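Asker: Can you keep this structure in mind? I'll have questions shortly.
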Amino acid sequence: MPRQFQEPEASRISDLLRGNDTQAAEAALRDETERNPGSGRAWNNLGILVGGLGRWAEAGALLRRAVALCPDDLPLRADLGKALLESGDVSGALTVLRKARRLSPDDLTIRARFAQALAKAGKLKQALAECDACGEYLPALRVRGQALAAAGRQHRALAVWNRLLELTPGTRLDRAIHASYEWKCGNSVKSLEIARGLLDEGPVTPAFASSYVSGRLHVPGETLTSARKAVLEWGRLFPEPKRNRSPIPKRTRPKPRVGYLSQEYVAGPAIHFLLPVFEHRDRERFEVIAYHCGNRRDTWTRRTRRHADGWRNIVPDEQLAEAIRRDEVDILVDLSGHYGTHTQLFQRRLAPVQITVPNCPGSTGALCMDYVLTDRWVCPPGNEIQYTEKAIWLPSGYLAYRPPAAPRLREVPSRKNGYVTFGFFQRPSKLNRAVWDVIAATMRQVPASVLLLQHSAKDLDDPHSGARQMFRAELEARGIASGRVRFQGPLGIEEHLAMLGDVDLAFDSFPYNGQTTTCECLWMGVPVVTMRQELHVARVGWQLMDRIGCPELVTESEDEYVDLAVRLARDEDRRMRYRKLLRPAVRESILLDGSVVRDMENVYEDICK
């Protein structure tokens with residue numbers, strides 16, 4: 001908390017804290033509240049200290065007492081609002097801070113905290129209005145940037161953050177947020193440079209290091225050995241605790257118990273690859289417990305839960321680890337990798353056998369992770385050096401797919417429009433110079449064509465957004481007029497699939513291939529031009545195309561990529577055949593028939609023998 005300790009005891013408490021003796025400082029402050037129970041200042045000082053130690057719920061109770069004793073002391077109300085926000089009591093914080101703001105409308109600290117409470121309550125327009133009234137007051141700038149990001153206005157959030165860092169050197173947290181904003185705006189290289197600087201300077205959170213590791217896979221130049229080196233660095237930063245190094249004995253029970261851990265059992269790109277693991281499971285062979293370590297729940301969560309024998313919805317790592325140990329699972333399977341925030345849990349050796357299924361297409365670097373499930377497409381023998389885990393190749397591939405309900409297929413759009421519509425549906429972080437080059441080179445050879453850019457950031461719905469300006473600039477610099485580019489922001493799944501049906505041909509990204517969007521395009525009869533390179537992440541498109549019987553959509557170089565895209569754009573009859581062929585090809589493939597899950601469970605059975 002930013003406020004200073006107040007008399008009495010201020011000097012002695014400060015001396016104790018300078019010596020890092022928080023225990024003695026807390027004891028002294030508790031003595032003071034016992035000697036002067038009617039002193040709001042004493043309770044406030046104790047609340048400030050306890051909050052500073054991260055015990056925000058306790059701090060809120062102490063500060064409520066301080067406010068009750070000194071109801072006219074507005075700074076005390078500001079401190080209480082901060083504690084309530086940090087403890088998760090957003091409604092309580094709003095009540096306290098709204099009253100404080102009414103009593104002192106010119107107090108910038110109170111207004112900034114009120115704006116923060118509004119933002120956390122999802123009242124983003126009101127939060128931004130409060131921030132605007134605070135000018136360039138730094139705490140308000142921080143809230144403004146975060147509110148804009150929450151509203152999907154990533155480029156505006158980045159502009160605010162750049163201004164913030166012009167006014168102040170910024171904290172390490174400010175710089176970490178800066179890295180995330182650069183990333184979401186598609187400035188992957190700059191984002192990784194900022195993240196690398198923070199890693200070199202000192203400790204970071206496991207989640208931040210995971211973002212860096214997965215982020216490196218998006219930029220050209222990563223190799224099998226450099227990818228392995230990056231995840232090994234993650235493992236060294238967050239090593240296995242010494243107390244967990246005793247091996248866990250295998251257990252004997254009628255059916256082996258498998259635990260699947262993920263925070264993605266909700267609507268989103270991953271769920272269409274996670275749900276089949278539960279839908280196709282063999283109930284006679286295995287007992288399955290699903291560990292949902294996320295705060296969100298929806299119909300997809302309930303659908304997954306119906307297929308599990310046990311369900312645990314636990315977020316804090318300590319409680320989650322205790323639950324897994326208590327359940328005595330035989331095999332613990334990671335379904336999120338570095339896309340999740342719980343990779344470090346596997347360093348605790350929570351089960352005799354620990355396996356990762358790389359929905360985040362790469363290795364974990366967790367040295368207690370025993371195996372990675374992979375396949376010959378994304379990891380031909382010899383390429384397993386990219387993993388720190390022992391590779392197990394699944395004959396049917398490591399990805400199973402559950403397509404969403406979709407509208408009926410229509411004829412190719414070019415027949416109605418008289419021109420070809422290309423589509424690019426990957427997030428901005430997957431864009432790089434080479435991807436822009438092949439898109440522009442293709443469009444130059446198909447002069448009447450247009451490009452539809454769509455992803456989940458609301459920036460694309462704003463005609464004046466930085467996102468639109470950036471994308472237009474990239475294409476204009478390569479000779480493509482801005483009038484040939486169309487934009488679409490986030491859509492519901494039904495609208496999204498219908499939009500895909502209005503596209504003749506889709507571009508895949510590289511080196512980080514698409515996965516969910518590629519499957520969705522194929523399901524809607526839209527051919528996707530992809531490129532195969534070295535890393536696992538750069539071979540997912542090849543894996544999907546070959547498994548549905550369309551390897552001819554895979555290229556090996558940028559020249560081949562452009563040549564194939566141009567030939568497809570000029571051949572309407574061929575695109576019409578794909579429109580009719582692709583959905584049945586996906587439906588009849590090993591992506592959907594349960595083969596992947598049977599292969600996984602055969603591996604589990606062999607391991608448990």
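All residue names refer to the structure tokens as shown: chains lettered A, B, ... in order, residues numbered from 1 in each chain, ligands numbered from 1 in order.
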Each residue of range 112-182 of chain A with at least one atom at most 9 Å from range 455-459 of chain A should appear once, together with its nearest atom pair and the corresponding distance in Å (one decimal); atoms considered: only C-alpha atoms; ordering: chain, then increasing residue number; output as CSV.

Answerer:
```
residue,atom,partner,partner_atom,distance
A:Ala151,CA,A:Lys458,CA,7.4
A:Gly152,CA,A:Lys458,CA,4.9
A:Arg153,CA,A:Asp459,CA,5.1
A:Gln154,CA,A:Asp459,CA,6.7
A:His155,CA,A:Asp459,CA,7.2
A:Arg156,CA,A:Asp459,CA,8.5
```

Asker: Any idea what's packed within 12 Å of Gly492 in chain A, counting only C-alpha atoms, ignoring anything in its chain fewer than 4 positions away? Could you give it as a list of chain:residue names?

Answerer: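 The neighbour list is A:Ala267, A:Gly268, A:Pro404, A:Ala406, A:His455, A:Ser456, A:Gln488, A:His496, A:Leu497, A:Ala498, A:Met499.
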
Asker: Would you save the residues from that selection as a CSV table (one decimal), in the first residue's frame, using all heavy atoms?

Answerer:
```
chain,number,residue,atom,x,y,z
A,267,ALA,N,-15.2,-22.6,-23.3
A,267,ALA,CA,-15.3,-22.2,-24.7
A,267,ALA,C,-14.0,-21.5,-25.1
A,267,ALA,O,-13.5,-20.6,-24.4
A,267,ALA,CB,-16.5,-21.2,-24.9
A,268,GLY,N,-13.4,-21.9,-26.2
A,268,GLY,CA,-12.1,-21.4,-26.6
A,268,GLY,C,-11.5,-22.3,-27.6
A,268,GLY,O,-12.0,-23.4,-27.9
A,404,PRO,N,-17.3,-28.1,-34.1
A,404,PRO,CA,-18.6,-27.4,-33.6
A,404,PRO,C,-19.7,-27.6,-34.5
A,404,PRO,O,-19.5,-27.9,-35.7
A,404,PRO,CB,-18.2,-26.0,-33.5
A,404,PRO,CG,-17.1,-25.8,-34.5
A,404,PRO,CD,-16.4,-27.1,-34.6
A,406,ALA,N,-22.2,-26.5,-37.2
A,406,ALA,CA,-21.8,-25.5,-38.2
A,406,ALA,C,-22.9,-25.4,-39.2
A,406,ALA,O,-23.7,-26.3,-39.4
A,406,ALA,CB,-20.5,-26.0,-39.0
A,455,HIS,N,-9.7,-11.6,-36.3
A,455,HIS,CA,-9.3,-12.3,-35.1
A,455,HIS,C,-10.1,-11.7,-33.9
A,455,HIS,O,-11.0,-10.9,-34.1
A,455,HIS,CB,-7.8,-12.2,-34.9
A,455,HIS,CG,-7.2,-10.9,-34.7
A,455,HIS,ND1,-7.3,-10.2,-33.5
A,455,HIS,CD2,-6.6,-10.1,-35.5
A,455,HIS,CE1,-6.7,-9.0,-33.6
A,455,HIS,NE2,-6.3,-8.9,-34.8
A,456,SER,N,-9.8,-12.1,-32.7
A,456,SER,CA,-10.7,-11.8,-31.6
A,456,SER,C,-10.5,-10.5,-30.9
A,456,SER,O,-11.1,-10.2,-29.9
A,456,SER,CB,-10.5,-12.9,-30.5
A,456,SER,OG,-9.2,-13.0,-30.1
A,488,GLN,N,-12.6,-7.8,-39.7
A,488,GLN,CA,-13.7,-8.3,-38.8
A,488,GLN,C,-13.2,-8.6,-37.5
A,488,GLN,O,-12.2,-9.4,-37.4
A,488,GLN,CB,-14.4,-9.5,-39.5
A,488,GLN,CG,-15.4,-10.2,-38.6
A,488,GLN,CD,-16.6,-9.3,-38.4
A,488,GLN,OE1,-17.3,-8.8,-39.3
A,488,GLN,NE2,-16.9,-8.9,-37.1
A,496,HIS,N,-18.8,-16.8,-36.7
A,496,HIS,CA,-17.5,-17.1,-37.2
A,496,HIS,C,-17.5,-18.1,-38.3
A,496,HIS,O,-16.8,-17.9,-39.3
A,496,HIS,CB,-16.6,-17.5,-36.0
A,496,HIS,CG,-15.2,-18.0,-36.4
A,496,HIS,ND1,-14.2,-17.1,-36.8
A,496,HIS,CD2,-14.7,-19.2,-36.4
A,496,HIS,CE1,-13.2,-17.8,-37.1
A,496,HIS,NE2,-13.4,-19.1,-36.8
A,497,LEU,N,-18.1,-19.2,-38.1
A,497,LEU,CA,-18.1,-20.3,-39.1
A,497,LEU,C,-18.8,-19.8,-40.3
A,497,LEU,O,-18.4,-20.1,-41.5
A,497,LEU,CB,-18.8,-21.5,-38.5
A,497,LEU,CG,-18.0,-22.2,-37.4
A,497,LEU,CD1,-18.9,-23.3,-36.7
A,497,LEU,CD2,-16.7,-22.8,-37.9
A,498,ALA,N,-19.9,-19.1,-40.2
A,498,ALA,CA,-20.6,-18.5,-41.4
A,498,ALA,C,-19.7,-17.6,-42.1
A,498,ALA,O,-19.7,-17.6,-43.4
A,498,ALA,CB,-21.9,-17.8,-40.9
A,499,MET,N,-18.9,-16.8,-41.4
A,499,MET,CA,-17.9,-15.9,-42.1
A,499,MET,C,-16.9,-16.7,-42.9
A,499,MET,O,-16.5,-16.3,-44.0
A,499,MET,CB,-17.3,-15.0,-41.1
A,499,MET,CG,-16.2,-14.1,-41.6
A,499,MET,SD,-14.9,-13.7,-40.4
A,499,MET,CE,-14.2,-15.4,-40.2
```

Asker: Step one, run DSSP on the backbone; step two, keep only residues of range 150-346 of chain A assigned to helix (DSSP H, G or I); then write them as an NGL selection string.

Answerer: :A and (150 or 154-167 or 172-184 or 188-201 or 206-216 or 224-237 or 242-244 or 271-279 or 299-306 or 317-327 or 337-339 or 343-346)

Asker: Quick one: everything within 12 Å of range 370-373 of chain A, counting only C-alpha atoms, minus sequence neighbours fewer than 2 positions away in the same chain. Send it as a PyMOL selection string.

Answerer: chain A and resi 331-335+337+346-347+349-368+375-376+378-379+384-399+536+596-597+599-604+607

Asker: When you draw a straight line from CA of Ala112 in chain A to CA of Glu166 in chain A, how long is it in Å?

Answerer: 19.4 Å

Asker: Report, in Å with one decimal, the straight-line distance from CA of Leu141 in chain A to CA of Trp161 in chain A.

Answerer: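 Distance reported for this atom pair: 7.6 Å.
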
Asker: Of the candidates A:Asn295, A:Gln126, A:Ser180, A:Thr304, which shows the shortest atom-to-atom distance to Pro276 in chain A, using only C-alpha atoms?

Answerer: A:Thr304

Asker: According to DSSP computed on the backbone, where in range 467-555 of chain A is there strand (DSSP E or B)? Give the residues as a list in words.

Answerer: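 So, restricting range 467-555 of chain A to strand (DSSP E or B), we get Val485, Arg486, Phe487, Gln488, Leu505, Ala506, Phe507, Val528, Val529, Thr530, Met531, Val554 and Thr555 of chain A.
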
Asker: Show which residues sit within 7 Å of range 448-453 of chain A, as a ChimeraX atom specification. Count only C-alpha atoms, and ignore same-chain residues fewer than 6 positions away.

Answerer: /A:419-425,484-488

Asker: For a quick check of understanding, using only C-alpha atoms, which of A:Cys519, A:Arg415, A:Val540, A:Val562 has the smallest distance to Asp504 in chain A?

Answerer: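 Counting only C-alpha atoms, the residue closest to Asp504 in chain A is A:Arg415.
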